[in-house]
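Undergrad: Contents of query_8.cif (mmCIF, C-alpha atoms and all ligand atoms) are below:
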```
data_run
#
loop_
_atom_site.group_PDB
_atom_site.id
_atom_site.type_symbol
_atom_site.label_atom_id
_atom_site.label_comp_id
_atom_site.auth_asym_id
_atom_site.auth_seq_id
_atom_site.Cartn_x
_atom_site.Cartn_y
_atom_site.Cartn_z
ATOM 1 C CA MET A 1 113.615 -121.284 -29.114
ATOM 2 C CA TYR A 2 112.165 -118.978 -31.736
ATOM 3 C CA ALA A 3 111.453 -119.668 -35.382
ATOM 4 C CA ASP A 4 110.091 -117.763 -38.332
ATOM 5 C CA THR A 5 109.529 -120.911 -40.311
ATOM 6 C CA LEU A 6 107.560 -124.100 -39.839
ATOM 7 C CA PRO A 7 109.247 -126.491 -37.416
ATOM 8 C CA SER A 8 110.598 -129.599 -39.092
ATOM 9 C CA THR A 9 108.218 -131.738 -37.011
ATOM 10 C CA ALA A 10 105.148 -130.197 -38.663
ATOM 11 C CA PRO A 11 102.964 -132.965 -40.098
ATOM 12 C CA PRO A 12 102.066 -132.826 -43.778
ATOM 13 C CA PRO A 13 99.087 -130.609 -44.538
ATOM 14 C CA ARG A 14 95.711 -132.334 -44.785
ATOM 15 C CA GLY A 15 93.845 -129.494 -46.494
ATOM 16 C CA LYS A 16 94.552 -127.201 -49.375
ATOM 17 C CA SER A 17 96.799 -124.767 -47.529
ATOM 18 C CA LEU A 18 99.229 -125.004 -44.639
ATOM 19 C CA THR A 19 97.035 -122.829 -42.491
ATOM 20 C CA ALA A 20 93.808 -123.887 -40.766
ATOM 21 C CA ALA A 21 93.012 -120.271 -39.880
ATOM 22 C CA ARG A 22 94.555 -116.914 -40.674
ATOM 23 C CA ALA A 23 94.095 -113.309 -39.582
ATOM 24 C CA GLN A 24 95.333 -110.472 -41.761
ATOM 25 C CA HIS A 25 95.593 -106.925 -40.359
ATOM 26 C CA VAL A 26 92.724 -107.611 -38.016
ATOM 27 C CA VAL A 27 91.515 -104.689 -35.941
ATOM 28 C CA LYS A 28 88.779 -105.166 -33.380
ATOM 29 C CA ALA A 29 87.571 -102.095 -31.533
ATOM 30 C CA TYR A 30 84.785 -101.917 -28.982
ATOM 31 C CA GLY A 31 82.801 -98.747 -28.320
ATOM 32 C CA SER A 32 83.487 -95.329 -29.835
ATOM 33 C CA GLY A 33 84.845 -91.924 -28.966
ATOM 34 C CA ALA A 34 86.312 -91.633 -25.474
ATOM 35 C CA THR A 35 85.220 -95.175 -24.564
ATOM 36 C CA ARG A 36 86.753 -96.823 -27.638
ATOM 37 C CA VAL A 37 88.924 -99.849 -26.745
ATOM 38 C CA VAL A 38 91.169 -101.407 -29.385
ATOM 39 C CA ALA A 39 91.215 -105.096 -28.403
ATOM 40 C CA LEU A 40 93.128 -106.219 -31.524
ATOM 41 C CA ASP A 41 95.523 -103.799 -33.169
ATOM 42 C CA ALA A 42 96.392 -104.921 -36.730
ATOM 43 C CA VAL A 43 97.005 -108.587 -35.909
ATOM 44 C CA ASP A 44 98.566 -110.898 -38.490
ATOM 45 C CA VAL A 45 98.542 -114.549 -37.480
ATOM 46 C CA ALA A 46 98.601 -117.885 -39.287
ATOM 47 C CA ILE A 47 97.483 -121.009 -37.422
ATOM 48 C CA GLU A 48 99.332 -123.949 -38.877
ATOM 49 C CA ARG A 49 97.411 -127.073 -39.748
ATOM 50 C CA GLY A 50 97.964 -130.152 -37.578
ATOM 51 C CA GLN A 51 99.525 -128.098 -34.784
ATOM 52 C CA PHE A 52 98.606 -127.268 -31.214
ATOM 53 C CA THR A 53 98.882 -123.496 -30.671
ATOM 54 C CA ALA A 54 98.499 -121.788 -27.296
ATOM 55 C CA ILE A 55 97.567 -118.108 -27.033
ATOM 56 C CA MET A 56 98.898 -116.354 -23.952
ATOM 57 C CA GLY A 57 99.236 -112.827 -22.648
ATOM 58 C CA PRO A 58 98.261 -110.600 -19.748
ATOM 59 C CA SER A 59 94.631 -110.073 -18.796
ATOM 60 C CA GLY A 60 92.969 -107.773 -21.316
ATOM 61 C CA SER A 61 95.644 -108.367 -24.002
ATOM 62 C CA GLY A 62 93.064 -109.600 -26.527
ATOM 63 C CA LYS A 63 93.368 -113.412 -26.299
ATOM 64 C CA SER A 64 89.641 -114.169 -26.156
ATOM 65 C CA THR A 65 88.884 -111.512 -28.744
ATOM 66 C CA LEU A 66 91.422 -113.033 -31.157
ATOM 67 C CA MET A 67 90.031 -116.520 -30.604
ATOM 68 C CA HIS A 68 86.440 -115.360 -31.053
ATOM 69 C CA CYS A 69 87.321 -113.508 -34.270
ATOM 70 C CA LEU A 70 89.282 -116.494 -35.657
ATOM 71 C CA ALA A 71 86.329 -118.763 -34.833
ATOM 72 C CA GLY A 72 83.775 -116.483 -36.474
ATOM 73 C CA LEU A 73 82.026 -115.903 -33.132
ATOM 74 C CA ASP A 74 82.717 -112.177 -33.292
ATOM 75 C CA THR A 75 82.970 -109.709 -36.184
ATOM 76 C CA VAL A 76 86.112 -107.705 -36.927
ATOM 77 C CA THR A 77 86.271 -103.910 -37.284
ATOM 78 C CA SER A 78 88.661 -104.253 -40.237
ATOM 79 C CA GLY A 79 90.952 -106.839 -41.741
ATOM 80 C CA GLN A 80 90.268 -110.378 -42.913
ATOM 81 C CA ILE A 81 89.997 -113.853 -41.388
ATOM 82 C CA TRP A 82 90.210 -117.163 -43.219
ATOM 83 C CA VAL A 83 89.140 -120.508 -41.796
ATOM 84 C CA ASP A 84 90.218 -123.511 -43.821
ATOM 85 C CA ASP A 85 90.657 -121.411 -46.988
ATOM 86 C CA VAL A 86 87.287 -119.661 -46.642
ATOM 87 C CA GLU A 87 87.349 -115.917 -46.033
ATOM 88 C CA ILE A 88 84.820 -115.662 -43.225
ATOM 89 C CA THR A 89 84.881 -111.899 -42.755
ATOM 90 C CA SER A 90 82.785 -111.408 -45.876
ATOM 91 C CA LEU A 91 80.364 -114.300 -45.331
ATOM 92 C CA PRO A 92 76.684 -113.649 -44.704
ATOM 93 C CA GLU A 93 75.535 -114.718 -41.223
ATOM 94 C CA ARG A 94 73.776 -117.880 -42.412
ATOM 95 C CA ARG A 95 76.855 -119.205 -44.225
ATOM 96 C CA LEU A 96 79.038 -118.257 -41.255
ATOM 97 C CA THR A 97 76.772 -120.268 -38.944
ATOM 98 C CA GLU A 98 77.072 -123.268 -41.274
ATOM 99 C CA LEU A 99 80.842 -122.907 -41.473
ATOM 100 C CA ARG A 100 81.157 -122.744 -37.677
ATOM 101 C CA ARG A 101 78.958 -125.816 -37.360
ATOM 102 C CA ASP A 102 80.824 -127.825 -39.996
ATOM 103 C CA ARG A 103 84.439 -126.746 -39.637
ATOM 104 C CA VAL A 104 84.968 -125.405 -36.136
ATOM 105 C CA GLY A 105 84.881 -127.209 -32.785
ATOM 106 C CA PHE A 106 84.805 -125.554 -29.363
ATOM 107 C CA VAL A 107 85.840 -126.589 -25.873
ATOM 108 C CA PHE A 108 85.025 -124.129 -23.098
ATOM 109 C CA GLN A 109 85.933 -123.914 -19.436
ATOM 110 C CA ALA A 110 82.411 -125.054 -18.540
ATOM 111 C CA PHE A 111 81.814 -128.491 -20.035
ATOM 112 C CA ASN A 112 78.325 -127.587 -21.367
ATOM 113 C CA LEU A 113 77.103 -131.187 -21.476
ATOM 114 C CA LEU A 114 73.415 -132.066 -21.391
ATOM 115 C CA PRO A 115 72.805 -133.944 -18.114
ATOM 116 C CA THR A 116 69.931 -136.069 -19.424
ATOM 117 C CA LEU A 117 71.892 -137.454 -22.378
ATOM 118 C CA ASN A 118 74.521 -140.170 -22.095
ATOM 119 C CA VAL A 119 78.135 -139.721 -23.204
ATOM 120 C CA MET A 120 77.618 -140.958 -26.775
ATOM 121 C CA GLU A 121 74.467 -138.859 -27.212
ATOM 122 C CA ASN A 122 76.323 -135.771 -25.974
ATOM 123 C CA ILE A 123 79.196 -136.419 -28.384
ATOM 124 C CA THR A 124 76.934 -136.727 -31.428
ATOM 125 C CA LEU A 125 74.363 -134.086 -30.394
ATOM 126 C CA PRO A 126 75.689 -131.216 -32.589
ATOM 127 C CA MET A 127 75.720 -133.533 -35.605
ATOM 128 C CA ASP A 128 72.248 -134.866 -34.762
ATOM 129 C CA ILE A 129 70.922 -131.299 -34.566
ATOM 130 C CA ALA A 130 72.561 -130.507 -37.913
ATOM 131 C CA GLY A 131 70.968 -133.643 -39.424
ATOM 132 C CA ARG A 132 74.367 -135.111 -40.235
ATOM 133 C CA LYS A 133 75.143 -138.769 -39.855
ATOM 134 C CA PRO A 134 78.185 -139.303 -37.635
ATOM 135 C CA ASP A 135 81.014 -141.349 -39.152
ATOM 136 C CA ALA A 136 80.956 -144.368 -36.813
ATOM 137 C CA GLY A 137 84.595 -145.307 -37.478
ATOM 138 C CA TRP A 138 85.810 -141.796 -36.757
ATOM 139 C CA ILE A 139 83.696 -141.456 -33.599
ATOM 140 C CA ALA A 140 85.096 -144.783 -32.330
ATOM 141 C CA GLU A 141 88.644 -143.516 -32.953
ATOM 142 C CA VAL A 142 87.945 -140.231 -31.169
ATOM 143 C CA VAL A 143 86.298 -142.009 -28.227
ATOM 144 C CA GLU A 144 89.301 -144.284 -27.919
ATOM 145 C CA THR A 145 91.759 -141.400 -28.223
ATOM 146 C CA VAL A 146 90.133 -139.511 -25.358
ATOM 147 C CA GLY A 147 89.799 -142.693 -23.290
ATOM 148 C CA LEU A 148 86.003 -142.863 -23.083
ATOM 149 C CA THR A 149 85.487 -146.403 -24.349
ATOM 150 C CA GLY A 150 83.439 -148.170 -21.674
ATOM 151 C CA ARG A 151 81.830 -144.913 -20.495
ATOM 152 C CA LEU A 152 79.524 -144.305 -23.440
ATOM 153 C CA LYS A 153 76.273 -145.136 -21.619
ATOM 154 C CA HIS A 154 77.138 -143.029 -18.568
ATOM 155 C CA ARG A 155 75.476 -139.681 -17.938
ATOM 156 C CA PRO A 156 77.684 -136.629 -17.287
ATOM 157 C CA GLY A 157 76.720 -136.631 -13.585
ATOM 158 C CA GLN A 158 78.320 -140.079 -13.230
ATOM 159 C CA LEU A 159 81.677 -138.820 -14.514
ATOM 160 C CA SER A 160 84.513 -136.825 -12.945
ATOM 161 C CA GLY A 161 85.218 -133.272 -14.135
ATOM 162 C CA GLY A 162 88.171 -134.486 -16.209
ATOM 163 C CA GLN A 163 86.066 -137.186 -17.846
ATOM 164 C CA GLN A 164 83.302 -134.667 -18.581
ATOM 165 C CA GLN A 165 85.802 -132.374 -20.265
ATOM 166 C CA ARG A 166 87.025 -135.338 -22.314
ATOM 167 C CA VAL A 167 83.429 -135.807 -23.507
ATOM 168 C CA ALA A 168 83.439 -132.131 -24.508
ATOM 169 C CA VAL A 169 86.732 -132.680 -26.384
ATOM 170 C CA ALA A 170 85.255 -135.720 -28.178
ATOM 171 C CA ARG A 171 82.141 -133.684 -29.059
ATOM 172 C CA ALA A 172 84.364 -130.937 -30.504
ATOM 173 C CA LEU A 173 86.269 -133.480 -32.607
ATOM 174 C CA ALA A 174 83.235 -135.511 -33.741
ATOM 175 C CA ALA A 175 82.484 -133.624 -36.947
ATOM 176 C CA ARG A 176 86.172 -133.629 -38.027
ATOM 177 C CA PRO A 177 86.460 -129.843 -37.768
ATOM 178 C CA ALA A 178 89.278 -128.008 -39.510
ATOM 179 C CA ILE A 179 90.133 -126.410 -36.188
ATOM 180 C CA VAL A 180 89.218 -126.781 -32.519
ATOM 181 C CA PHE A 181 89.282 -123.726 -30.241
ATOM 182 C CA GLY A 182 89.661 -124.093 -26.494
ATOM 183 C CA ASP A 183 89.018 -121.217 -24.095
ATOM 184 C CA GLU A 184 90.938 -122.202 -20.961
ATOM 185 C CA PRO A 185 89.659 -125.781 -21.338
ATOM 186 C CA THR A 186 91.403 -126.898 -18.151
ATOM 187 C CA GLY A 187 90.509 -123.797 -16.113
ATOM 188 C CA ASN A 188 87.897 -125.676 -14.044
ATOM 189 C CA LEU A 189 89.932 -128.829 -13.468
ATOM 190 C CA ASP A 190 92.426 -129.818 -10.800
ATOM 191 C CA SER A 191 95.977 -130.279 -12.037
ATOM 192 C CA ARG A 192 95.704 -134.064 -12.498
ATOM 193 C CA ALA A 193 92.461 -133.924 -14.481
ATOM 194 C CA GLY A 194 93.826 -130.910 -16.383
ATOM 195 C CA ALA A 195 96.945 -132.872 -17.336
ATOM 196 C CA GLU A 196 94.766 -135.727 -18.577
ATOM 197 C CA VAL A 197 92.690 -133.448 -20.804
ATOM 198 C CA LEU A 198 95.814 -131.718 -22.129
ATOM 199 C CA SER A 199 97.349 -135.109 -22.951
ATOM 200 C CA PHE A 200 94.247 -136.040 -24.910
ATOM 201 C CA LEU A 201 94.326 -132.729 -26.772
ATOM 202 C CA ARG A 202 97.981 -133.434 -27.552
ATOM 203 C CA THR A 203 97.148 -136.973 -28.718
ATOM 204 C CA SER A 204 94.360 -135.703 -30.957
ATOM 205 C CA VAL A 205 96.942 -133.505 -32.697
ATOM 206 C CA ASP A 206 99.579 -136.246 -32.915
ATOM 207 C CA THR A 207 97.420 -139.214 -33.897
ATOM 208 C CA LEU A 208 94.327 -137.662 -35.484
ATOM 209 C CA GLY A 209 96.072 -134.678 -37.129
ATOM 210 C CA GLN A 210 93.711 -132.214 -35.433
ATOM 211 C CA THR A 211 94.502 -128.471 -35.371
ATOM 212 C CA ILE A 212 93.963 -126.930 -31.929
ATOM 213 C CA VAL A 213 94.126 -123.352 -30.658
ATOM 214 C CA MET A 214 93.879 -122.869 -26.913
ATOM 215 C CA VAL A 215 93.775 -119.724 -24.806
ATOM 216 C CA THR A 216 95.476 -120.269 -21.466
ATOM 217 C CA HIS A 217 97.118 -118.430 -18.569
ATOM 218 C CA ASP A 218 98.918 -121.562 -17.423
ATOM 219 C CA PRO A 219 102.551 -122.141 -18.533
ATOM 220 C CA VAL A 220 102.206 -125.872 -17.837
ATOM 221 C CA ALA A 221 99.138 -126.085 -20.108
ATOM 222 C CA ALA A 222 100.994 -124.080 -22.771
ATOM 223 C CA SER A 223 103.916 -126.532 -22.629
ATOM 224 C CA TYR A 224 101.664 -129.177 -24.245
ATOM 225 C CA ALA A 225 101.422 -126.968 -27.351
ATOM 226 C CA ASP A 226 103.754 -126.885 -30.344
ATOM 227 C CA ARG A 227 103.741 -123.130 -30.386
ATOM 228 C CA VAL A 228 102.863 -120.241 -28.086
ATOM 229 C CA LEU A 229 101.665 -116.896 -29.421
ATOM 230 C CA TYR A 230 101.963 -114.027 -26.955
ATOM 231 C CA LEU A 231 99.662 -111.044 -27.072
ATOM 232 C CA ALA A 232 100.092 -107.713 -25.315
ATOM 233 C CA ASP A 233 97.886 -104.668 -25.832
ATOM 234 C CA GLY A 234 96.134 -106.295 -28.777
ATOM 235 C CA ARG A 235 99.327 -107.125 -30.662
ATOM 236 C CA VAL A 236 101.311 -110.295 -31.231
ATOM 237 C CA VAL A 237 104.557 -109.680 -29.354
ATOM 238 C CA GLY A 238 106.053 -113.161 -29.309
ATOM 239 C CA ASP A 239 105.946 -116.494 -31.114
ATOM 240 C CA MET A 240 107.653 -119.486 -29.510
ATOM 241 C CA TYR A 241 108.016 -123.024 -30.847
ATOM 242 C CA GLY A 242 108.735 -126.055 -28.651
ATOM 243 C CA PRO A 243 107.657 -124.381 -25.395
ATOM 244 C CA THR A 244 108.536 -125.713 -21.951
ATOM 245 C CA ALA A 245 106.762 -124.562 -18.790
ATOM 246 C CA ASP A 246 109.945 -122.801 -17.654
ATOM 247 C CA ASN A 247 110.676 -120.846 -20.803
ATOM 248 C CA VAL A 248 106.976 -119.911 -21.133
ATOM 249 C CA LEU A 249 107.057 -118.532 -17.602
ATOM 250 C CA GLU A 250 110.220 -116.556 -18.429
ATOM 251 C CA ARG A 251 108.558 -115.078 -21.523
ATOM 252 C CA MET A 252 105.441 -114.171 -19.563
ATOM 253 C CA LYS A 253 107.554 -112.220 -17.093
ATOM 254 C CA GLN A 254 109.236 -110.344 -19.924
ATOM 255 C CA PHE A 255 106.021 -109.490 -21.763
ATOM 256 C CA ASP A 256 104.122 -108.563 -18.642
ATOM 257 C CA GLY A 257 106.372 -105.829 -17.330
ATOM 258 C CA ARG A 258 104.846 -106.269 -13.895
ATOM 259 C CA GLY A 259 106.279 -109.758 -13.715
ATOM 260 C CA ARG A 260 102.898 -111.354 -12.998
ATOM 261 C CA ALA A 261 101.649 -114.449 -14.747
ATOM 262 C CA SER A 262 98.541 -112.745 -16.095
HETATM 263 N N1 LIG B 301 82.255 -106.675 -25.394
HETATM 264 C C1 LIG B 301 83.212 -105.807 -25.065
HETATM 265 N N2 LIG B 301 82.963 -104.496 -24.951
HETATM 266 C C2 LIG B 301 83.938 -103.612 -24.648
HETATM 267 N N3 LIG B 301 85.227 -103.947 -24.442
HETATM 268 C C3 LIG B 301 85.540 -105.248 -24.545
HETATM 269 C C4 LIG B 301 84.563 -106.252 -24.857
HETATM 270 N N4 LIG B 301 85.196 -107.451 -24.901
HETATM 271 C C5 LIG B 301 86.489 -107.220 -24.606
HETATM 272 N N5 LIG B 301 86.700 -105.901 -24.406
HETATM 273 C C6 LIG B 301 87.992 -105.255 -24.098
HETATM 274 O O1 LIG B 301 88.929 -105.681 -25.071
HETATM 275 C C7 LIG B 301 90.206 -105.919 -24.452
HETATM 276 C C8 LIG B 301 90.639 -107.347 -24.730
HETATM 277 O O2 LIG B 301 89.748 -108.240 -24.054
HETATM 278 P P1 LIG B 301 89.909 -109.823 -24.086
HETATM 279 O O3 LIG B 301 88.762 -110.396 -23.313
HETATM 280 O O4 LIG B 301 90.090 -110.264 -25.481
HETATM 281 O O5 LIG B 301 91.277 -110.031 -23.286
HETATM 282 P P2 LIG B 301 91.908 -111.369 -22.705
HETATM 283 O O6 LIG B 301 93.358 -111.311 -23.036
HETATM 284 O O7 LIG B 301 91.140 -112.558 -23.185
HETATM 285 O O8 LIG B 301 91.686 -111.162 -21.149
HETATM 286 P P3 LIG B 301 91.512 -112.224 -19.952
HETATM 287 O O9 LIG B 301 92.816 -112.961 -19.831
HETATM 288 O O10 LIG B 301 91.275 -111.351 -18.757
HETATM 289 O O11 LIG B 301 90.330 -113.099 -20.276
HETATM 290 C C9 LIG B 301 90.027 -105.587 -22.984
HETATM 291 O O12 LIG B 301 90.463 -104.267 -22.776
HETATM 292 C C10 LIG B 301 88.547 -105.714 -22.772
HETATM 293 O O13 LIG B 301 88.124 -104.882 -21.710
#
```
In structure tokens, what does this structure look like?

TA:
Amino acid sequence: MYADTLPSTAPPPRGKSLTAARAQHVVKAYGSGATRVVALDAVDVAIERGQFTAIMGPSGSGKSTLMHCLAGLDTVTSGQIWVDDVEITSLPERRLTELRRDRVGFVFQAFNLLPTLNVMENITLPMDIAGRKPDAGWIAEVVETVGLTGRLKHRPGQLSGGQQQRVAVARALAARPAIVFGDEPTGNLDSRAGAEVLSFLRTSVDTLGQTIVMVTHDPVAASYADRVLYLADGRVVGDMYGPTADNVLERMKQFDGRGRAS
């Protein structure tokens, strides 16, 4: 199913605009001369607020580059990016760092938890470092949503991989970011633990109104999303709402002429 418009199930916007992040004519090139690689080739994308968006495409199609540019982790060669109504492409580095800290959450393939801190301390660490007082009610809701109540005093080493990734999800949600980016967040998990983490990401969108963007190669992971954006050769070549694992797999075969999943 394809749509040019917002799906009717889209929740009402929580911020000023309908988009949590937006790229306009974004070009990202690496190197110069004969070694120049255009990773993003005039990309226009709007990430809708309160939705779960998956980014897919063959290896080297620009997925990580797009995510890093949208998250303000990488600069663009030309074009503009907005996060939560702020144009980040013209921000000085210090303000960009603050914006990333306050409005963007990250979940990576590696859980990146501190082994000497317990679960609650890991969840609130970024806020503690920033000198911000966590909102106890919100943290309790997040902890419950990701199913960590009763595990708060445990250290990461006492948890399974899936539970550790849930701590990383809770940490990403703790500061109520405008948008959470996941770079293959289930890439290191077995399928059961991966399904658990994906369900919690889904729940955080449905019950907490979180906006999530996730890069993945896995059609099953993508089927948890509301929308799948397909990249090929640095361009957006497809936009699917209401994905299922089967129709994602079909699309992947079409967009990757070699018929491989990635
Ligand atoms: N730091 C860099 N220097 C030079 N080229 C780069 C750099 N980062 C990425 N590229 C190139 O940009 C293109 C897009 O890379 P990117 O990592 O965004 O793709 P991807 O779709 O995330 O790939 P994968 O699925 O393999 O992780 C590739 O051709 C890659 O080689």

Undergrad: Might you spell out which residues the PyMOL selection byres (((not hetatm)) within 8 of (chain B and resi 301)) would select in the displayed file, as a PyMOL selection string?

TA: chain A and resi 29-31+36-40+56-66+215-217+231-234+262

Undergrad: Between CA of Pro156 in chain A and CA of Leu113 in chain A, what is the spacing in Å?

TA: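 It comes out at 6.9 Å.
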
Undergrad: For the PyMOL selection byres (((chain A and resi 182-191) around 7) and not hetatm), applied here, can you spell out every residue it catches as a PyMOL selection string?

TA: chain A and resi 106-109+161-162+180-181+192-195+213-216

Undergrad: Take CA of Arg235 in chain A and CA of Cys69 in chain A and report the distance between them in Å, one decimal.

TA: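 CA of Cys69 in chain A lies 14.1 Å from CA of Arg235 in chain A.
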
Undergrad: Run the PyMOL selection byres (((chain A and resi 82-92) around 8) and not hetatm) on the file and write out the hits as a PDB file with C-alpha atoms, keeping the file's coordinate frame.

TA:
```pdb
ATOM      1  CA  GLY A  15      93.845-129.494 -46.494  1.00  0.00           C
ATOM      2  CA  LYS A  16      94.552-127.201 -49.375  1.00  0.00           C
ATOM      3  CA  SER A  17      96.799-124.767 -47.529  1.00  0.00           C
ATOM      4  CA  THR A  19      97.035-122.829 -42.491  1.00  0.00           C
ATOM      5  CA  ALA A  20      93.808-123.887 -40.766  1.00  0.00           C
ATOM      6  CA  ALA A  21      93.012-120.271 -39.880  1.00  0.00           C
ATOM      7  CA  ARG A  22      94.555-116.914 -40.674  1.00  0.00           C
ATOM      8  CA  ALA A  23      94.095-113.309 -39.582  1.00  0.00           C
ATOM      9  CA  LEU A  70      89.282-116.494 -35.657  1.00  0.00           C
ATOM     10  CA  ALA A  71      86.329-118.763 -34.833  1.00  0.00           C
ATOM     11  CA  GLY A  72      83.775-116.483 -36.474  1.00  0.00           C
ATOM     12  CA  THR A  75      82.970-109.709 -36.184  1.00  0.00           C
ATOM     13  CA  VAL A  76      86.112-107.705 -36.927  1.00  0.00           C
ATOM     14  CA  GLY A  79      90.952-106.839 -41.741  1.00  0.00           C
ATOM     15  CA  GLN A  80      90.268-110.378 -42.913  1.00  0.00           C
ATOM     16  CA  ILE A  81      89.997-113.853 -41.388  1.00  0.00           C
ATOM     17  CA  GLU A  93      75.535-114.718 -41.223  1.00  0.00           C
ATOM     18  CA  ARG A  94      73.776-117.880 -42.412  1.00  0.00           C
ATOM     19  CA  ARG A  95      76.855-119.205 -44.225  1.00  0.00           C
ATOM     20  CA  LEU A  96      79.038-118.257 -41.255  1.00  0.00           C
ATOM     21  CA  ARG A 103      84.439-126.746 -39.637  1.00  0.00           C
ATOM     22  CA  ALA A 178      89.278-128.008 -39.510  1.00  0.00           C
TER      23      ALA A 178
END
```

Undergrad: Using all atoms listed in the file, can you tell me which of A:Val167, A:Ile47, A:Ala221, A:Ala174 comes closest to Arg101 in chain A?

TA: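 The closest residue to Arg101 in chain A is A:Ala174.
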
Undergrad: Mind giving me the straight-line distance from CA of Arg132 in chain A to CA of Glu144 in chain A in Å, one decimal?

TA: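 Computed distance, CA of Arg132 in chain A to CA of Glu144 in chain A, equals 21.4 Å.
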
Undergrad: Which protein, DNA or RNA residues have an atom at most 9 Å from (81.7, -142.1, -20.7), counting all atoms listed in the file? List them as a list in words.

TA: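 In the file's frame, the residues around the point are Asn118, Val119, Met120, Val143, Gly147, Leu148, Thr149, Gly150, Arg151, Leu152, Lys153, His154, Arg155, Pro156, Gln158, Leu159, Gln163, Gln164, Arg166 and Val167 of chain A.
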
Undergrad: For range 71-88 of chain A, supply N, CA and C atoms and report the output as a compact mmCIF listing (two decimals), keeping the file's coordinate frame.

TA:
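Result file follows (out-v5.txt):
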```txt
# COMPACT_ATOMS: atom_id res chain seq x y z
N ALA A 71 87.36 -117.72 -34.80
CA ALA A 71 86.33 -118.76 -34.83
C ALA A 71 85.04 -118.28 -35.47
N GLY A 72 85.00 -117.01 -35.87
CA GLY A 72 83.78 -116.48 -36.47
C GLY A 72 82.67 -116.27 -35.46
N LEU A 73 83.04 -116.16 -34.17
CA LEU A 73 82.03 -115.90 -33.13
C LEU A 73 81.84 -114.41 -32.93
N ASP A 74 82.79 -113.63 -33.44
CA ASP A 74 82.72 -112.18 -33.29
C ASP A 74 83.15 -111.55 -34.62
N THR A 75 82.60 -110.38 -34.93
CA THR A 75 82.97 -109.71 -36.18
C THR A 75 84.23 -108.86 -35.97
N VAL A 76 84.93 -108.56 -37.04
CA VAL A 76 86.11 -107.70 -36.93
C VAL A 76 85.73 -106.28 -37.34
N THR A 77 86.50 -105.31 -36.88
CA THR A 77 86.27 -103.91 -37.28
C THR A 77 86.87 -103.70 -38.68
N SER A 78 88.07 -104.24 -38.89
CA SER A 78 88.66 -104.25 -40.24
C SER A 78 89.65 -105.40 -40.32
N GLY A 79 90.06 -105.70 -41.54
CA GLY A 79 90.95 -106.84 -41.74
C GLY A 79 90.17 -108.07 -42.18
N GLN A 80 90.90 -109.17 -42.38
CA GLN A 80 90.27 -110.38 -42.91
C GLN A 80 90.67 -111.61 -42.11
N ILE A 81 89.74 -112.57 -42.05
CA ILE A 81 90.00 -113.85 -41.39
C ILE A 81 89.64 -114.96 -42.38
N TRP A 82 90.51 -115.95 -42.44
CA TRP A 82 90.21 -117.16 -43.22
C TRP A 82 90.14 -118.36 -42.27
N VAL A 83 89.17 -119.22 -42.48
CA VAL A 83 89.14 -120.51 -41.80
C VAL A 83 89.15 -121.56 -42.89
N ASP A 84 90.19 -122.41 -42.87
CA ASP A 84 90.22 -123.51 -43.82
C ASP A 84 90.00 -123.01 -45.26
N ASP A 85 90.70 -121.97 -45.63
CA ASP A 85 90.66 -121.41 -46.99
C ASP A 85 89.39 -120.62 -47.32
N VAL A 86 88.49 -120.47 -46.38
CA VAL A 86 87.29 -119.66 -46.64
C VAL A 86 87.44 -118.32 -45.92
N GLU A 87 87.26 -117.23 -46.68
CA GLU A 87 87.35 -115.92 -46.03
C GLU A 87 86.03 -115.67 -45.32
N ILE A 88 86.08 -115.71 -43.98
CA ILE A 88 84.82 -115.66 -43.22
C ILE A 88 84.35 -114.24 -42.96
```
